[in-house]
$ cat data_14.pdb   # PDB, C-alpha atoms
ATOM      1  CA  MET A   1     113.575 119.505 114.833
ATOM      2  CA  VAL A   2     113.217 120.204 111.116
ATOM      3  CA  VAL A   3     116.452 121.388 109.515
ATOM      4  CA  PRO A   4     115.940 125.159 109.367
ATOM      5  CA  SER A   5     115.470 126.977 106.103
ATOM      6  CA  PRO A   6     118.127 129.613 105.272
ATOM      7  CA  THR A   7     115.678 132.375 106.203
ATOM      8  CA  PRO A   8     112.378 132.543 108.101
ATOM      9  CA  LEU A   9     109.247 131.616 106.150
ATOM     10  CA  GLY A  10     108.040 135.203 106.008
ATOM     11  CA  THR A  11     111.201 136.465 104.288
ATOM     12  CA  GLU A  12     111.932 133.626 101.881
ATOM     13  CA  LYS A  13     111.722 134.150  98.141
ATOM     14  CA  VAL A  14     108.710 132.642  96.440
ATOM     15  CA  ARG A  15     108.614 132.470  92.671
ATOM     16  CA  ALA A  16     105.574 131.729  90.538
ATOM     17  CA  VAL A  17     106.587 129.322  87.770
ATOM     18  CA  ASP A  18     104.466 127.465  85.246
ATOM     19  CA  LEU A  19     105.455 123.907  86.094
ATOM     20  CA  PRO A  20     105.163 121.240  83.381
ATOM     21  CA  ILE A  21     101.773 119.584  82.921
ATOM     22  CA  ILE A  22     102.054 116.552  80.656
ATOM     23  CA  ASP A  23      99.070 114.974  78.933
ATOM     24  CA  LEU A  24      99.735 111.221  78.796
ATOM     25  CA  SER A  25      97.123 110.787  76.072
ATOM     26  CA  ALA A  26      99.297 112.703  73.565
ATOM     27  CA  GLN A  27     101.640 111.084  71.050
ATOM     28  CA  ARG A  28     104.046 108.796  72.895
ATOM     29  CA  SER A  29     107.266 110.097  71.368
ATOM     30  CA  GLU A  30     106.289 113.670  72.225
ATOM     31  CA  VAL A  31     105.276 112.693  75.767
ATOM     32  CA  SER A  32     108.647 111.022  76.402
ATOM     33  CA  LYS A  33     110.497 114.130  75.207
ATOM     34  CA  LEU A  34     108.424 116.402  77.447
ATOM     35  CA  ILE A  35     108.991 114.163  80.474
ATOM     36  CA  VAL A  36     112.760 114.155  79.938
ATOM     37  CA  LYS A  37     112.747 117.928  79.539
ATOM     38  CA  ALA A  38     110.781 118.338  82.789
ATOM     39  CA  CYS A  39     113.100 115.973  84.689
ATOM     40  CA  ASP A  40     116.165 117.797  83.334
ATOM     41  CA  LYS A  41     114.919 121.227  84.360
ATOM     42  CA  PHE A  42     112.730 120.731  87.420
ATOM     43  CA  GLY A  43     112.928 117.099  88.514
ATOM     44  CA  PHE A  44     109.165 117.485  88.757
ATOM     45  CA  PHE A  45     106.050 117.480  86.571
ATOM     46  CA  LYS A  46     102.307 116.882  86.678
ATOM     47  CA  VAL A  47     100.490 114.282  84.615
ATOM     48  CA  ILE A  48      96.893 114.423  83.403
ATOM     49  CA  ASN A  49      94.879 111.778  81.551
ATOM     50  CA  HIS A  50      96.887 109.308  83.600
ATOM     51  CA  GLY A  51      94.382 106.469  83.487
ATOM     52  CA  VAL A  52      94.024 106.020  87.251
ATOM     53  CA  PRO A  53      90.275 105.599  87.918
ATOM     54  CA  ASN A  54      88.730 108.343  90.034
ATOM     55  CA  HIS A  55      86.805 105.863  92.177
ATOM     56  CA  ILE A  56      90.033 104.169  93.285
ATOM     57  CA  ILE A  57      91.507 107.539  94.264
ATOM     58  CA  ALA A  58      88.327 108.601  96.062
ATOM     59  CA  LYS A  59      88.098 105.394  98.090
ATOM     60  CA  LEU A  60      91.632 105.725  99.431
ATOM     61  CA  GLU A  61      91.119 109.428 100.199
ATOM     62  CA  HIS A  62      87.995 108.513 102.162
ATOM     63  CA  GLU A  63      89.805 105.787 104.109
ATOM     64  CA  GLY A  64      92.706 108.107 104.882
ATOM     65  CA  LEU A  65      90.522 110.961 106.102
ATOM     66  CA  SER A  66      88.432 108.547 108.170
ATOM     67  CA  PHE A  67      91.546 107.223 109.875
ATOM     68  CA  PHE A  68      92.969 110.663 110.655
ATOM     69  CA  ALA A  69      89.588 111.748 112.066
ATOM     70  CA  LYS A  70      89.753 109.030 114.732
ATOM     71  CA  PRO A  71      90.529 109.846 118.373
ATOM     72  CA  VAL A  72      94.256 109.892 119.103
ATOM     73  CA  PRO A  73      94.284 106.709 121.238
ATOM     74  CA  GLU A  74      92.774 104.749 118.337
ATOM     75  CA  LYS A  75      95.325 106.110 115.872
ATOM     76  CA  LEU A  76      98.170 105.286 118.229
ATOM     77  CA  ARG A  77      97.192 101.611 118.026
ATOM     78  CA  ALA A  78      98.621 101.696 114.478
ATOM     79  CA  GLY A  79     101.989 103.083 115.622
ATOM     80  CA  PRO A  80     104.711 103.860 116.189
ATOM     81  CA  ALA A  81     105.999 104.290 112.632
ATOM     82  CA  ASN A  82     109.211 102.278 112.739
ATOM     83  CA  PRO A  83     109.212 102.642 109.807
ATOM     84  CA  PHE A  84     105.660 101.437 109.033
ATOM     85  CA  GLY A  85     102.520 102.456 110.856
ATOM     86  CA  TYR A  86     101.194 105.676 112.358
ATOM     87  CA  GLY A  87     103.424 108.609 113.199
ATOM     88  CA  CYS A  88     102.742 112.091 114.524
ATOM     89  CA  LYS A  89     105.110 115.083 114.619
ATOM     90  CA  ASN A  90     108.259 112.924 114.637
ATOM     91  CA  ILE A  91     109.724 112.266 111.168
ATOM     92  CA  GLY A  92     112.324 109.524 111.054
ATOM     93  CA  LEU A  93     114.700 108.566 113.852
ATOM     94  CA  ASN A  94     116.992 111.574 114.105
ATOM     95  CA  GLY A  95     114.980 114.318 115.757
ATOM     96  CA  ASP A  96     113.212 115.832 112.740
ATOM     97  CA  MET A  97     109.726 117.097 113.506
ATOM     98  CA  GLY A  98     106.880 118.723 111.593
ATOM     99  CA  GLU A  99     103.233 119.710 111.818
ATOM    100  CA  ILE A 100     102.091 116.391 110.421
ATOM    101  CA  GLU A 101     100.583 113.020 111.159
ATOM    102  CA  TYR A 102     101.050 110.169 108.735
ATOM    103  CA  LEU A 103     100.473 106.527 107.963
ATOM    104  CA  THR A 104     103.253 104.592 106.227
ATOM    105  CA  LEU A 105     102.673 101.223 104.548
ATOM    106  CA  ASN A 106     104.889  98.760 102.748
ATOM    107  CA  THR A 107     103.201  98.032  99.403
ATOM    108  CA  ASN A 108     103.486  94.240  99.738
ATOM    109  CA  PRO A 109      99.870  92.933  99.868
ATOM    110  CA  LEU A 110     100.586  90.639 102.826
ATOM    111  CA  SER A 111     102.153  93.506 104.759
ATOM    112  CA  ILE A 112      99.173  95.754 103.952
ATOM    113  CA  ALA A 113      96.731  93.082 105.135
ATOM    114  CA  GLU A 114      98.565  92.577 108.427
ATOM    115  CA  ARG A 115      98.977  96.304 109.125
ATOM    116  CA  SER A 116      95.296  96.961 108.318
ATOM    117  CA  LYS A 117      94.261  95.110 111.490
ATOM    118  CA  THR A 118      95.444  98.011 113.649
ATOM    119  CA  ILE A 119      94.293 100.752 111.258
ATOM    120  CA  SER A 120      90.723 100.012 110.288
ATOM    121  CA  ASP A 121      87.526  98.671 111.831
ATOM    122  CA  ASP A 122      87.112  96.797 108.543
ATOM    123  CA  PRO A 123      90.654  95.545 107.804
ATOM    124  CA  SER A 124      89.763  93.532 104.697
ATOM    125  CA  LYS A 125      88.054  96.533 103.105
ATOM    126  CA  PHE A 126      90.940  98.867 103.948
ATOM    127  CA  SER A 127      93.508  96.355 102.695
ATOM    128  CA  SER A 128      91.634  95.879  99.413
ATOM    129  CA  ILE A 129      91.331  99.625  98.785
ATOM    130  CA  VAL A 130      95.027 100.254  99.502
ATOM    131  CA  SER A 131      96.131  97.313  97.351
ATOM    132  CA  ASP A 132      93.955  98.473  94.434
ATOM    133  CA  TYR A 133      95.464 101.947  94.646
ATOM    134  CA  VAL A 134      99.015 100.631  94.837
ATOM    135  CA  GLU A 135      98.434  98.401  91.809
ATOM    136  CA  VAL A 136      97.247 101.180  89.507
ATOM    137  CA  VAL A 137      99.673 103.852  90.720
ATOM    138  CA  SER A 138     102.690 101.548  90.512
ATOM    139  CA  GLY A 139     101.548 100.710  86.979
ATOM    140  CA  LEU A 140     101.529 104.429  86.209
ATOM    141  CA  GLY A 141     105.023 104.676  87.688
ATOM    142  CA  CYS A 142     106.287 101.882  85.439
ATOM    143  CA  GLU A 143     104.795 103.577  82.380
ATOM    144  CA  LEU A 144     106.449 106.881  83.275
ATOM    145  CA  LEU A 145     109.811 105.207  83.832
ATOM    146  CA  ASP A 146     109.565 103.466  80.446
ATOM    147  CA  LEU A 147     108.791 106.819  78.808
ATOM    148  CA  MET A 148     111.846 108.322  80.504
ATOM    149  CA  ALA A 149     114.082 105.536  79.198
ATOM    150  CA  GLU A 150     112.693 105.997  75.688
ATOM    151  CA  GLY A 151     113.251 109.753  75.852
ATOM    152  CA  LEU A 152     116.841 109.207  77.010
ATOM    153  CA  LEU A 153     117.399 106.821  74.069
ATOM    154  CA  VAL A 154     118.285 103.939  76.363
ATOM    155  CA  THR A 155     118.183 100.635  74.483
ATOM    156  CA  ASP A 156     116.741  98.658  77.382
ATOM    157  CA  THR A 157     113.579 100.691  77.893
ATOM    158  CA  SER A 158     112.572  98.721  81.000
ATOM    159  CA  VAL A 159     115.862  99.400  82.785
ATOM    160  CA  PHE A 160     114.163 101.709  85.309
ATOM    161  CA  SER A 161     110.651 100.262  85.524
ATOM    162  CA  ARG A 162     111.640  96.670  86.231
ATOM    163  CA  LEU A 163     113.175  97.844  89.489
ATOM    164  CA  ILE A 164     109.739  98.647  90.913
ATOM    165  CA  ARG A 165     108.091  95.679  89.173
ATOM    166  CA  ASP A 166     110.345  93.378  91.220
ATOM    167  CA  VAL A 167     108.219  91.231  93.550
ATOM    168  CA  ASP A 168     110.785  91.937  96.273
ATOM    169  CA  GLY A 169     110.629  95.687  95.675
ATOM    170  CA  ASP A 170     110.748  98.041  98.640
ATOM    171  CA  SER A 171     108.102 100.540  97.522
ATOM    172  CA  VAL A 172     106.133 102.493 100.114
ATOM    173  CA  LEU A 173     102.764 104.255 100.326
ATOM    174  CA  ARG A 174     102.445 107.131 102.777
ATOM    175  CA  LEU A 175      99.318 109.082 103.667
ATOM    176  CA  ASN A 176     100.198 112.515 105.073
ATOM    177  CA  HIS A 177      97.739 114.664 107.013
ATOM    178  CA  TYR A 178      98.520 118.312 107.767
ATOM    179  CA  PRO A 179      95.950 119.712 110.227
ATOM    180  CA  PRO A 180      95.134 123.419 109.860
ATOM    181  CA  VAL A 181      96.349 125.994 112.341
ATOM    182  CA  GLN A 182      93.350 126.841 114.481
ATOM    183  CA  VAL A 183      92.779 130.514 113.606
ATOM    184  CA  ASP A 184      89.941 132.721 112.451
ATOM    185  CA  CYS A 185      90.347 132.585 108.684
ATOM    186  CA  LYS A 186      88.670 135.972 108.331
ATOM    187  CA  ASP A 187      91.912 137.415 109.720
ATOM    188  CA  ARG A 188      94.102 135.688 107.147
ATOM    189  CA  ASP A 189      96.979 137.843 105.854
ATOM    190  CA  THR A 190      96.815 137.757 102.059
ATOM    191  CA  SER A 191      99.430 140.450 101.466
ATOM    192  CA  HIS A 192     102.274 137.930 101.324
ATOM    193  CA  PRO A 193     102.648 134.530  99.623
ATOM    194  CA  TYR A 194     102.888 133.031 103.115
ATOM    195  CA  ASP A 195     100.251 133.528 105.734
ATOM    196  CA  ASN A 196     102.076 134.567 108.876
ATOM    197  CA  ARG A 197     100.682 131.504 110.631
ATOM    198  CA  ASN A 198     101.889 128.915 108.104
ATOM    199  CA  LYS A 199     104.177 126.310 109.592
ATOM    200  CA  VAL A 200     106.456 123.679 108.113
ATOM    201  CA  GLY A 201     104.510 120.444 107.905
ATOM    202  CA  PHE A 202     107.281 118.348 106.347
ATOM    203  CA  GLY A 203     110.692 119.956 106.075
ATOM    204  CA  GLU A 204     112.981 120.397 103.076
ATOM    205  CA  HIS A 205     114.282 117.093 101.674
ATOM    206  CA  SER A 206     114.704 114.976  98.577
ATOM    207  CA  ASP A 207     113.133 111.530  98.225
ATOM    208  CA  PRO A 208     115.645 108.674  98.337
ATOM    209  CA  GLN A 209     113.661 106.272  96.120
ATOM    210  CA  ILE A 210     113.370 106.090  92.319
ATOM    211  CA  LEU A 211     110.323 108.287  91.834
ATOM    212  CA  THR A 212     107.374 109.638  93.787
ATOM    213  CA  ILE A 213     103.778 109.863  92.569
ATOM    214  CA  LEU A 214     101.746 112.228  94.716
ATOM    215  CA  ARG A 215      98.058 112.994  94.934
ATOM    216  CA  SER A 216      96.614 115.583  97.325
ATOM    217  CA  ASN A 217      93.233 117.046  98.107
ATOM    218  CA  ASP A 218      92.491 120.483  96.689
ATOM    219  CA  VAL A 219      94.615 122.322  99.282
ATOM    220  CA  GLY A 220      97.986 123.948  98.586
ATOM    221  CA  GLY A 221     101.160 123.440 100.581
ATOM    222  CA  LEU A 222     103.657 121.573  98.407
ATOM    223  CA  GLN A 223     106.673 123.614  97.277
ATOM    224  CA  ILE A 224     109.771 122.668  95.301
ATOM    225  CA  SER A 225     113.181 124.326  95.230
ATOM    226  CA  ILE A 226     115.509 124.195  92.237
ATOM    227  CA  GLU A 227     117.529 127.133  93.525
ATOM    228  CA  ASP A 228     118.760 127.648  97.091
ATOM    229  CA  GLY A 229     116.406 129.837  99.111
ATOM    230  CA  VAL A 230     113.795 130.109  96.347
ATOM    231  CA  TRP A 231     110.550 128.173  96.569
ATOM    232  CA  ILE A 232     108.042 127.405  93.826
ATOM    233  CA  PRO A 233     104.493 126.716  95.097
ATOM    234  CA  VAL A 234     102.762 123.797  93.393
ATOM    235  CA  THR A 235      99.123 124.590  92.642
ATOM    236  CA  PRO A 236      96.899 121.663  93.653
ATOM    237  CA  ASP A 237      95.040 120.038  90.773
ATOM    238  CA  PRO A 238      92.371 117.387  91.439
ATOM    239  CA  ASN A 239      92.823 116.012  87.916
ATOM    240  CA  ALA A 240      96.581 115.509  88.111
ATOM    241  CA  PHE A 241      99.262 113.498  89.837
ATOM    242  CA  CYS A 242     102.516 115.188  90.809
ATOM    243  CA  VAL A 243     105.639 113.208  89.921
ATOM    244  CA  ASN A 244     109.151 113.868  91.140
ATOM    245  CA  VAL A 245     112.546 112.306  90.550
ATOM    246  CA  GLY A 246     114.117 110.511  93.519
ATOM    247  CA  ASP A 247     117.769 110.080  94.431
ATOM    248  CA  MET A 248     117.966 106.613  92.834
ATOM    249  CA  LEU A 249     116.799 107.960  89.486
ATOM    250  CA  GLN A 250     119.275 110.836  89.652
ATOM    251  CA  ALA A 251     122.041 108.264  90.179
ATOM    252  CA  MET A 252     120.746 105.970  87.422
ATOM    253  CA  THR A 253     120.608 108.865  84.936
ATOM    254  CA  ASN A 254     124.191 109.739  85.910
ATOM    255  CA  GLY A 255     123.131 113.042  87.393
ATOM    256  CA  ARG A 256     121.138 114.207  84.402
ATOM    257  CA  PHE A 257     117.760 114.151  86.150
ATOM    258  CA  VAL A 258     117.389 116.242  89.304
ATOM    259  CA  SER A 259     116.148 114.768  92.569
ATOM    260  CA  VAL A 260     114.276 117.933  93.480
ATOM    261  CA  ARG A 261     114.223 119.229  97.042
ATOM    262  CA  HIS A 262     110.741 119.959  98.311
ATOM    263  CA  ARG A 263     108.685 120.549 101.435
ATOM    264  CA  ALA A 264     105.090 120.903 102.599
ATOM    265  CA  LEU A 265     103.612 123.814 104.537
ATOM    266  CA  THR A 266     100.450 123.678 106.587
ATOM    267  CA  ASN A 267      97.397 125.666 105.556
ATOM    268  CA  SER A 268      95.903 128.147 108.024
ATOM    269  CA  CYS A 269      92.294 127.257 107.357
ATOM    270  CA  LYS A 270      92.030 123.805 105.783
ATOM    271  CA  SER A 271      93.493 120.399 106.452
ATOM    272  CA  ARG A 272      95.609 118.911 103.702
ATOM    273  CA  MET A 273      95.972 115.220 102.965
ATOM    274  CA  SER A 274      98.368 113.777 100.429
ATOM    275  CA  MET A 275      98.928 110.220  99.245
ATOM    276  CA  ALA A 276     102.494 109.524  98.145
ATOM    277  CA  TYR A 277     103.680 106.388  96.362
ATOM    278  CA  PHE A 278     107.455 105.954  96.562
ATOM    279  CA  GLY A 279     108.711 103.486  93.962
ATOM    280  CA  ALA A 280     111.796 101.639  95.195
ATOM    281  CA  PRO A 281     113.804  98.578  94.130
ATOM    282  CA  SER A 282     114.613  95.468  96.152
ATOM    283  CA  LEU A 283     117.234  95.869  98.854
ATOM    284  CA  GLN A 284     119.821  93.899  96.873
ATOM    285  CA  THR A 285     119.409  95.905  93.656
ATOM    286  CA  ARG A 286     122.683  97.364  92.410
ATOM    287  CA  ILE A 287     122.277 100.971  91.294
ATOM    288  CA  THR A 288     124.292 101.919  88.211
ATOM    289  CA  ALA A 289     123.627 104.081  85.156
ATOM    290  CA  PRO A 290     122.870 102.404  81.796
ATOM    291  CA  PRO A 291     125.886 102.483  79.438
ATOM    292  CA  GLU A 292     124.188 104.990  77.114
ATOM    293  CA  LEU A 293     124.241 107.579  79.907
ATOM    294  CA  VAL A 294     127.966 107.243  80.637
ATOM    295  CA  THR A 295     130.162 108.757  77.922
ATOM    296  CA  PRO A 296     133.675 110.207  77.576
ATOM    297  CA  ASN A 297     132.054 113.635  77.889
ATOM    298  CA  ARG A 298     129.998 112.595  80.906
ATOM    299  CA  LEU A 299     131.924 110.150  83.057
ATOM    300  CA  SER A 300     130.200 108.140  85.756
ATOM    301  CA  LEU A 301     129.402 110.444  88.688
ATOM    302  CA  TYR A 302     128.485 107.827  91.275
ATOM    303  CA  ARG A 303     130.050 104.614  92.467
ATOM    304  CA  PRO A 304     127.823 101.515  92.261
ATOM    305  CA  PHE A 305     125.835 100.792  95.421
ATOM    306  CA  THR A 306     122.815  98.790  96.526
ATOM    307  CA  TRP A 307     119.485 100.199  97.619
ATOM    308  CA  ALA A 308     120.112  98.607 101.037
ATOM    309  CA  GLU A 309     123.366 100.587 101.398
ATOM    310  CA  TYR A 310     121.683 103.814 100.380
ATOM    311  CA  LYS A 311     118.673 103.230 102.595
ATOM    312  CA  LYS A 312     120.915 102.620 105.607
ATOM    313  CA  VAL A 313     122.665 105.949 105.005
ATOM    314  CA  SER A 314     119.322 107.737 104.513
ATOM    315  CA  TYR A 315     118.006 106.497 107.849
ATOM    316  CA  SER A 316     121.176 107.617 109.613
ATOM    317  CA  LEU A 317     120.958 111.244 108.438
ATOM    318  CA  ARG A 318     118.689 114.199 109.130
ATOM    319  CA  LEU A 319     115.768 114.981 106.850
ATOM    320  CA  GLY A 320     117.470 117.857 105.031
ATOM    321  CA  ASP A 321     120.927 116.305 104.703
ATOM    322  CA  SER A 322     122.354 115.592 101.259
ATOM    323  CA  ARG A 323     122.768 111.844 100.837
ATOM    324  CA  LEU A 324     123.658 111.268  97.211
ATOM    325  CA  GLU A 325     126.796 113.372  97.479
ATOM    326  CA  LEU A 326     128.244 110.701  99.769
ATOM    327  CA  PHE A 327     128.202 108.276  96.849
ATOM    328  CA  ARG A 328     129.920 110.544  94.322
ATOM    329  CA  LYS A 329     133.061 109.042  92.845
ATOM    330  CA  CYS A 330     135.087 112.162  93.539
ATOM    331  CA  ILE A 331     134.667 111.579  97.281
ATOM    332  CA  GLU A 332     135.930 108.039  97.060
ATOM    333  CA  ASP A 333     138.605 108.467  94.419
TER     334      ASP A 333
END
$ encode --input "data_14.pdb" --output "structure tokens"
Amino acid sequence: MVVPSPTPLGTEKVRAVDLPIIDLSAQRSEVSKLIVKACDKFGFFKVINHGVPNHIIAKLEHEGLSFFAKPVPEKLRAGPANPFGYGCKNIGLNGDMGEIEYLTLNTNPLSIAERSKTISDDPSKFSSIVSDYVEVVSGLGCELLDLMAEGLLVTDTSVFSRLIRDVDGDSVLRLNHYPPVQVDCKDRDTSHPYDNRNKVGFGEHSDPQILTILRSNDVGGLQISIEDGVWIPVTPDPNAFCVNVGDMLQAMTNGRFVSVRHRALTNSCKSRMSMAYFGAPSLQTRITAPPELVTPNRLSLYRPFTWAEYKKVSYSLRLGDSRLELFRKCIED
């Protein structure tokens, strides 16, 4: 089951916070500073004027919703998710569950093409739409990572982005569908930030990869936590992508950026679908911080490790477990 929150949903603290919205069309030096500030404080920000064409987004949303609308036996042909393919309720291999169904794809074009045969009645069309989306969103990810490096005053400004440009990269695209609870929405309780019928769709966790770029339909549910037991709802915005720091980027910035913990709740009345791109390096990539981010006043926090080592640990733990702490130098030394 999902690792339980410290308190029941109805009694948790919810705080309204104006989360950073960054206009990528602004002056580059200013944009890089704002991104670094957001990653320092929240590990999360939204981007607008991101350059991803609306028609590419719309096509993938349509394909995703069409797949999730299929009868269960047809969807099951694309599963089980181990790790790629269709999954329902079960998240990972260690007993975590949520009110969710999902489709996970490796972003390699050949892998997408092969997997499409069990997903779509028109595999070539589905494969083309997914590949187009991956191409533009991974390009956005590279641009954001370059801006981060510039804002951190790292000499090699491609130190982060080249990890997901690698042809052997291990990036993933996941489509998440959170069906609504079947209730009469006229009876919805609006006196509390949570409806009393909300459920956890995807439990509290951090993302193990470098960064996540998320797009959702105009339905709320995503929440982030930068303080134990306090949740910040993320207002959906059809014009924006949500971006969050992953564990690898926290390690590569020597702990400066925060790999924010987050979760998704179901909506009582509407289904929610999100499309998450997880930028990851190749399995053999050695994760270390650039020299500019290791100083006498800020010694190296983490021992060097490969993405394969980290991924193996991630798969062995529960959804809500802390993984990066296992790689802290203080544990080993």
$ residues_around --input "data_14.pdb" --residues "segment 206-219 of chain A" --least-positions-apart "5" --cutoff "7 Å" --atoms "all atoms listed in the file" --output "list of chain:residue names"
A:Pro236, A:Asp237, A:Pro238, A:Phe241, A:Cys242, A:Val243, A:Asn244, A:Val245, A:Gly246, A:Asp247, A:Met248, A:Leu249, A:Ser259, A:Val260, A:Arg261, A:His262, A:Arg272, A:Met273, A:Ser274, A:Met275, A:Ala276, A:Tyr277, A:Phe278, A:Gly279, A:Ala280
$ closest_residue --input "data_14.pdb" --among "A:Asp122, A:Pro281, A:Asp40, A:Gly151" --to "Thr107 of chain A" --atoms "all atoms listed in the file"
A:Pro281
$ resolve_selection --input "data_14.pdb" --expression "the PyMOL selection byres ((chain A and resi 87) around 12)" --output "number ranges by chain"
A: 68, 72, 75-86, 88-93, 97-105, 174-177
$ residues_around --input "data_14.pdb" --residues "Leu283 of chain A" --least-positions-apart "5" --cutoff "10 Å" --atoms "only C-alpha atoms" --output "PDB file with C-alpha atoms, in the frame of the given file"
ATOM      1  CA  ASP A 168     110.785  91.937  96.273  1.00  0.00           C
ATOM      2  CA  GLY A 169     110.629  95.687  95.675  1.00  0.00           C
ATOM      3  CA  ASP A 170     110.748  98.041  98.640  1.00  0.00           C
ATOM      4  CA  THR A 306     122.815  98.790  96.526  1.00  0.00           C
ATOM      5  CA  TRP A 307     119.485 100.199  97.619  1.00  0.00           C
ATOM      6  CA  ALA A 308     120.112  98.607 101.037  1.00  0.00           C
ATOM      7  CA  GLU A 309     123.366 100.587 101.398  1.00  0.00           C
ATOM      8  CA  TYR A 310     121.683 103.814 100.380  1.00  0.00           C
ATOM      9  CA  LYS A 311     118.673 103.230 102.595  1.00  0.00           C
TER      10      LYS A 311
END
$ residues_around --input "data_14.pdb" --residues "segment 128-138 of chain A" --least-positions-apart "2" --cutoff "10 Å" --atoms "all atoms listed in the file" --output "short mmCIF file (atom, residue, chain, number, x, y, z; two decimals) with C-alpha atoms, keeping the file's coordinate frame"
data_model
loop_
_atom_site.label_atom_id
_atom_site.label_comp_id
_atom_site.auth_asym_id
_atom_site.auth_seq_id
_atom_site.Cartn_x
_atom_site.Cartn_y
_atom_site.Cartn_z
CA HIS A 50 96.89 109.31 83.60
CA GLY A 51 94.38 106.47 83.49
CA VAL A 52 94.02 106.02 87.25
CA PRO A 53 90.28 105.60 87.92
CA HIS A 55 86.80 105.86 92.18
CA ILE A 56 90.03 104.17 93.28
CA ILE A 57 91.51 107.54 94.26
CA ALA A 58 88.33 108.60 96.06
CA LYS A 59 88.10 105.39 98.09
CA LEU A 60 91.63 105.72 99.43
CA GLU A 61 91.12 109.43 100.20
CA GLU A 63 89.80 105.79 104.11
CA GLY A 64 92.71 108.11 104.88
CA LEU A 105 102.67 101.22 104.55
CA THR A 107 103.20 98.03 99.40
CA ASN A 108 103.49 94.24 99.74
CA PRO A 109 99.87 92.93 99.87
CA LEU A 110 100.59 90.64 102.83
CA ILE A 112 99.17 95.75 103.95
CA ALA A 113 96.73 93.08 105.14
CA SER A 116 95.30 96.96 108.32
CA PRO A 123 90.65 95.54 107.80
CA SER A 124 89.76 93.53 104.70
CA LYS A 125 88.05 96.53 103.10
CA PHE A 126 90.94 98.87 103.95
CA LEU A 140 101.53 104.43 86.21
CA GLY A 141 105.02 104.68 87.69
CA CYS A 142 106.29 101.88 85.44
CA GLU A 143 104.80 103.58 82.38
CA LEU A 144 106.45 106.88 83.28
CA SER A 161 110.65 100.26 85.52
CA ILE A 164 109.74 98.65 90.91
CA ARG A 165 108.09 95.68 89.17
CA SER A 171 108.10 100.54 97.52
CA VAL A 172 106.13 102.49 100.11
CA LEU A 173 102.76 104.26 100.33
CA THR A 212 107.37 109.64 93.79
CA ILE A 213 103.78 109.86 92.57
CA LEU A 214 101.75 112.23 94.72
CA PHE A 241 99.26 113.50 89.84
CA ALA A 276 102.49 109.52 98.14
CA TYR A 277 103.68 106.39 96.36
CA PHE A 278 107.46 105.95 96.56
CA GLY A 279 108.71 103.49 93.96
#
$ residues_around --input "data_14.pdb" --residues "segment 284-290 of chain A" --least-positions-apart "5" --cutoff "8 Å" --atoms "all atoms listed in the file" --output "mmCIF file with C-alpha atoms, in the frame of the given file"
data_model
loop_
_atom_site.group_PDB
_atom_site.id
_atom_site.type_symbol
_atom_site.label_atom_id
_atom_site.label_comp_id
_atom_site.auth_asym_id
_atom_site.auth_seq_id
_atom_site.Cartn_x
_atom_site.Cartn_y
_atom_site.Cartn_z
ATOM 1 C CA VAL A 154 118.285 103.939 76.363
ATOM 2 C CA VAL A 159 115.862 99.400 82.785
ATOM 3 C CA LEU A 163 113.175 97.844 89.489
ATOM 4 C CA MET A 248 117.966 106.613 92.834
ATOM 5 C CA ALA A 251 122.041 108.264 90.179
ATOM 6 C CA MET A 252 120.746 105.970 87.422
ATOM 7 C CA THR A 253 120.608 108.865 84.936
ATOM 8 C CA ASN A 254 124.191 109.739 85.910
ATOM 9 C CA SER A 300 130.200 108.140 85.756
ATOM 10 C CA TYR A 302 128.485 107.827 91.275
ATOM 11 C CA ARG A 303 130.050 104.614 92.467
ATOM 12 C CA PRO A 304 127.823 101.515 92.261
ATOM 13 C CA PHE A 305 125.835 100.792 95.421
ATOM 14 C CA THR A 306 122.815 98.790 96.526
ATOM 15 C CA TRP A 307 119.485 100.199 97.619
ATOM 16 C CA ALA A 308 120.112 98.607 101.037
#
$ atom_distance --input "data_14.pdb" --atom1 "atom CA of Val200 of chain A" --atom2 "atom CA of Phe257 of chain A"
26.5 Å
$ resolve_selection --input "data_14.pdb" --expression "the PyMOL selection byres ((chain A and resi 49) around 7)" --output "PDB file with C-alpha atoms, in the coordinates of the input"
ATOM      1  CA  ASP A  23      99.070 114.974  78.933  1.00  0.00           C
ATOM      2  CA  LEU A  24      99.735 111.221  78.796  1.00  0.00           C
ATOM      3  CA  SER A  25      97.123 110.787  76.072  1.00  0.00           C
ATOM      4  CA  VAL A  47     100.490 114.282  84.615  1.00  0.00           C
ATOM      5  CA  ILE A  48      96.893 114.423  83.403  1.00  0.00           C
ATOM      6  CA  HIS A  50      96.887 109.308  83.600  1.00  0.00           C
ATOM      7  CA  GLY A  51      94.382 106.469  83.487  1.00  0.00           C
TER       8      GLY A  51
END
$ residues_near_point --input "data_14.pdb" --point "(94.3, 123.7, 107.9)" --cutoff "8 Å" --atoms "all atoms listed in the file" --output "JSON list (two decimals) with C-alpha atoms, in the frame of the given file"
[["chain", "number", "residue", "atom", "x", "y", "z"],
["A", 178, "TYR", "CA", 98.52, 118.31, 107.77],
["A", 179, "PRO", "CA", 95.95, 119.71, 110.23],
["A", 180, "PRO", "CA", 95.13, 123.42, 109.86],
["A", 181, "VAL", "CA", 96.35, 125.99, 112.34],
["A", 182, "GLN", "CA", 93.35, 126.84, 114.48],
["A", 266, "THR", "CA", 100.45, 123.68, 106.59],
["A", 267, "ASN", "CA", 97.40, 125.67, 105.56],
["A", 268, "SER", "CA", 95.90, 128.15, 108.02],
["A", 269, "CYS", "CA", 92.29, 127.26, 107.36],
["A", 270, "LYS", "CA", 92.03, 123.80, 105.78],
["A", 271, "SER", "CA", 93.49, 120.40, 106.45],
["A", 272, "ARG", "CA", 95.61, 118.91, 103.70]]
$ closest_residue --input "data_14.pdb" --among "A:Leu152, A:Val167, A:Ala264, A:Leu293" --to "Asn198 of chain A" --atoms "only C-alpha atoms"
A:Ala264
